[in-house]
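Written below as structure tokens is the structure these notes are about.
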Amino acid sequence: MRAVIPTVWRVILGGYPIVAAIFISVASRRTWMERAGIGLTGTDVTGGLITVTTLMLVITAALILVVKTAGRRVTGILQALVGAGIVGVVLTHRTASDHQWAMKGVDAGAAQMTVTAWPWMCLVAGALAVLTGLGLVVFADRWPSRSARHTGADSRSIWDALDRGEDPTVTKSPSQAGRLTPAEPESSDTAQSDFDQAVHKVGNSSNNGRQARVESQSG
């Protein structure tokens, strides 16, 4: 059986899709291209395609939380494809059409267009989505199952019992739980001794009373 993947890698592989989705969603609203002082956002340039890929990343992030080994492999493949789609969208929209500029009131003969860093950062985010998706495929069978996590909790309980000086292999039944501990018989003996002393005092009082009556009758 292969070793369980470290927690830090589970966090990276499982958490990257949602982080990338948030980043790309923000980047798509920033200016990607500028001309004559007027800019086009990523959504303007791609026609909303970048937004669709963001939603698909959110879906893969949700799937990772509920699927098992085979499902994680499928999810990893899907995530890698989405990442490749993001890279493709950025590379195929490095320029804007004259119609897109005209929609913003910019003439086609205006000054040269300037491309900002935002589309390239989205490209890097898409490439990382491909890598983490492939990593999810590779390490899908090394993800700890819920039963394994439960077993780990049981193991900690056993060590805690040993630290308390208890035998974790002995299962206490309800009848055993209600039995007296070694210290309890001592308290019971003390209570019995107190009861005997009280009875003895009552007996002495009765004897003294009878003796007094006999003396009074004799007198």
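Convention: chains lettered A, B, ... in structure tokens order; per-chain residue numbering from 1; ligands numbered from 1 as shown.
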Applying 10 Å and only C-alpha atoms, which residues near A:Leu91 remain after dropping the ones on its own chain fewer than 5 positions away? List them as a list in words. Gly85, Ile86, Pro119, Trp120 and Leu123 of chain A
Create the file for the chosen residues now, containing all heavy atoms and written as a PDB file, in the first residue's frame.
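Output file again_30.pdb follows:
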```
ATOM      1  N   GLY A  85      -7.715  25.064 -21.054  1.00  0.00           N
ATOM      2  CA  GLY A  85      -8.660  25.978 -21.689  1.00  0.00           C
ATOM      3  C   GLY A  85      -8.364  27.431 -21.341  1.00  0.00           C
ATOM      4  O   GLY A  85      -8.471  28.313 -22.202  1.00  0.00           O
ATOM      5  N   ILE A  86      -7.971  27.680 -20.094  1.00  0.00           N
ATOM      6  CA  ILE A  86      -7.622  29.048 -19.691  1.00  0.00           C
ATOM      7  C   ILE A  86      -6.410  29.534 -20.471  1.00  0.00           C
ATOM      8  O   ILE A  86      -6.382  30.673 -20.979  1.00  0.00           O
ATOM      9  CB  ILE A  86      -7.339  29.093 -18.176  1.00  0.00           C
ATOM     10  CG1 ILE A  86      -8.627  28.800 -17.402  1.00  0.00           C
ATOM     11  CG2 ILE A  86      -6.768  30.446 -17.775  1.00  0.00           C
ATOM     12  CD1 ILE A  86      -8.419  28.594 -15.915  1.00  0.00           C
ATOM     13  N   PRO A 119      -3.491  39.453 -18.390  1.00  0.00           N
ATOM     14  CA  PRO A 119      -3.726  38.218 -19.155  1.00  0.00           C
ATOM     15  C   PRO A 119      -2.608  37.191 -18.974  1.00  0.00           C
ATOM     16  O   PRO A 119      -2.862  35.979 -18.933  1.00  0.00           O
ATOM     17  CB  PRO A 119      -3.819  38.694 -20.603  1.00  0.00           C
ATOM     18  CG  PRO A 119      -3.162  40.027 -20.621  1.00  0.00           C
ATOM     19  CD  PRO A 119      -3.434  40.617 -19.289  1.00  0.00           C
ATOM     20  N   TRP A 120      -1.374  37.648 -18.807  1.00  0.00           N
ATOM     21  CA  TRP A 120      -0.268  36.714 -18.634  1.00  0.00           C
ATOM     22  C   TRP A 120      -0.311  36.056 -17.261  1.00  0.00           C
ATOM     23  O   TRP A 120       0.070  34.892 -17.114  1.00  0.00           O
ATOM     24  CB  TRP A 120       1.064  37.438 -18.851  1.00  0.00           C
ATOM     25  CG  TRP A 120       1.112  38.140 -20.173  1.00  0.00           C
ATOM     26  CD1 TRP A 120       1.230  39.470 -20.394  1.00  0.00           C
ATOM     27  CD2 TRP A 120       1.016  37.530 -21.459  1.00  0.00           C
ATOM     28  NE1 TRP A 120       1.201  39.738 -21.737  1.00  0.00           N
ATOM     29  CE2 TRP A 120       1.075  38.563 -22.415  1.00  0.00           C
ATOM     30  CE3 TRP A 120       0.870  36.215 -21.916  1.00  0.00           C
ATOM     31  CZ2 TRP A 120       1.005  38.331 -23.787  1.00  0.00           C
ATOM     32  CZ3 TRP A 120       0.794  35.982 -23.273  1.00  0.00           C
ATOM     33  CH2 TRP A 120       0.864  37.022 -24.195  1.00  0.00           C
ATOM     34  N   LEU A 123      -2.713  33.365 -17.597  1.00  0.00           N
ATOM     35  CA  LEU A 123      -2.084  32.243 -18.300  1.00  0.00           C
ATOM     36  C   LEU A 123      -1.284  31.384 -17.319  1.00  0.00           C
ATOM     37  O   LEU A 123      -1.350  30.149 -17.364  1.00  0.00           O
ATOM     38  CB  LEU A 123      -1.193  32.773 -19.421  1.00  0.00           C
ATOM     39  CG  LEU A 123      -0.566  31.716 -20.349  1.00  0.00           C
ATOM     40  CD1 LEU A 123      -0.468  32.257 -21.773  1.00  0.00           C
ATOM     41  CD2 LEU A 123       0.836  31.321 -19.879  1.00  0.00           C
TER      42      LEU A 123
END
```
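For the atom pair formed by atom CA of A:Gly83 and atom CA of A:Ala21, the distance is 10.4 Å, given to one decimal.
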Residue list (strand (DSSP E or B), DSSP) for stretch 23-175 of chain A, as a count of residues only: 11
Can you pull out every residue within 12 Å of A:Val58, counting only C-alpha atoms, but drop anything in the same chain fewer than 2 positions away, and send it as a VMD selection string? chain A and resid 14 to 25 51 to 56 60 to 65 75 78 to 79 82 129
Can you tell me, as JSON, numbers by chain, what residues are no more than 10 Å from stretch 5-12 of chain A when counting only C-alpha atoms, ignoring any on the same chain fewer than 3 positions away? {"A": [2, 15, 16, 17, 19, 132, 135, 136, 139, 140, 141, 142, 143, 144]}
Mind dumping the selected residues with C-alpha atoms as a JSON list (two decimals), in the first residue's frame?
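The file below, selection31.json, is the result:
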```json
[["chain", "number", "residue", "atom", "x", "y", "z"],
["A", 2, "ARG", "CA", 1.34, 3.44, -0.97],
["A", 15, "GLY", "CA", -7.29, 24.22, -2.48],
["A", 16, "TYR", "CA", -5.64, 25.52, -5.65],
["A", 17, "PRO", "CA", -8.74, 25.36, -7.89],
["A", 19, "VAL", "CA", -7.77, 30.05, -5.24],
["A", 132, "THR", "CA", -2.21, 20.55, -9.97],
["A", 135, "GLY", "CA", -0.90, 15.95, -9.55],
["A", 136, "LEU", "CA", -4.39, 15.08, -8.38],
["A", 139, "PHE", "CA", -1.82, 11.07, -6.07],
["A", 140, "ALA", "CA", -5.51, 10.16, -6.15],
["A", 141, "ASP", "CA", -4.93, 6.76, -4.50],
["A", 142, "ARG", "CA", -2.77, 8.27, -1.77],
["A", 143, "TRP", "CA", -5.57, 10.41, -0.39],
["A", 144, "PRO", "CA", -6.60, 9.26, 3.12]]
```
Please list as an NGL selection string every residue within 8 Å of A:Ala96, counting only C-alpha atoms and excluding residues in the same chain fewer than 4 positions away. :A and (33 or 45 or 100-101)
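The closest residue to A:Gly42, picked from A:Val66, A:Ala102, A:Val90, A:Leu128 and counting only C-alpha atoms, is A:Val90.
Comparing the minimum interatomic distances between A:Val138 and each of A:Leu57, A:Gly105, A:Met113, A:Ala70, counting only C-alpha atoms, we find that A:Ala70 sits nearest.
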Show me, as a PDB file with N, CA and C atoms, in the first residue's frame, the residues that have an atom within 8 Å of A:Ile77 when counting only C-alpha atoms, minus same-chain residues fewer than 2 positions from it.
```pdb
ATOM      1  N   ARG A  73      -9.431  11.089  -9.741  1.00  0.00           N
ATOM      2  CA  ARG A  73      -8.707  11.028 -11.019  1.00  0.00           C
ATOM      3  C   ARG A  73      -9.480  11.765 -12.120  1.00  0.00           C
ATOM      4  N   VAL A  74     -10.781  11.507 -12.178  1.00  0.00           N
ATOM      5  CA  VAL A  74     -11.619  12.181 -13.183  1.00  0.00           C
ATOM      6  C   VAL A  74     -11.614  13.688 -12.942  1.00  0.00           C
ATOM      7  N   THR A  75     -11.715  14.080 -11.669  1.00  0.00           N
ATOM      8  CA  THR A  75     -11.705  15.504 -11.335  1.00  0.00           C
ATOM      9  C   THR A  75     -10.372  16.141 -11.709  1.00  0.00           C
ATOM     10  N   GLN A  79      -9.851  19.163 -14.247  1.00  0.00           N
ATOM     11  CA  GLN A  79      -9.163  20.392 -13.849  1.00  0.00           C
ATOM     12  C   GLN A  79      -8.020  20.718 -14.805  1.00  0.00           C
ATOM     13  N   ALA A  80      -7.276  19.688 -15.222  1.00  0.00           N
ATOM     14  CA  ALA A  80      -6.181  19.912 -16.178  1.00  0.00           C
ATOM     15  C   ALA A  80      -6.723  20.449 -17.505  1.00  0.00           C
ATOM     16  N   LEU A  81      -7.864  19.921 -17.948  1.00  0.00           N
ATOM     17  CA  LEU A  81      -8.471  20.408 -19.191  1.00  0.00           C
ATOM     18  C   LEU A  81      -8.934  21.855 -19.057  1.00  0.00           C
ATOM     19  N   GLY A 133      -3.895  19.667 -11.483  1.00  0.00           N
ATOM     20  CA  GLY A 133      -4.841  18.643 -11.935  1.00  0.00           C
ATOM     21  C   GLY A 133      -4.145  17.320 -12.199  1.00  0.00           C
ATOM     22  N   LEU A 134      -2.993  17.383 -12.861  1.00  0.00           N
ATOM     23  CA  LEU A 134      -2.223  16.163 -13.106  1.00  0.00           C
ATOM     24  C   LEU A 134      -1.708  15.571 -11.794  1.00  0.00           C
ATOM     25  N   VAL A 137      -4.368  13.567 -10.270  1.00  0.00           N
ATOM     26  CA  VAL A 137      -4.498  12.256 -10.920  1.00  0.00           C
ATOM     27  C   VAL A 137      -3.446  11.284 -10.383  1.00  0.00           C
TER      28      VAL A 137
END
```
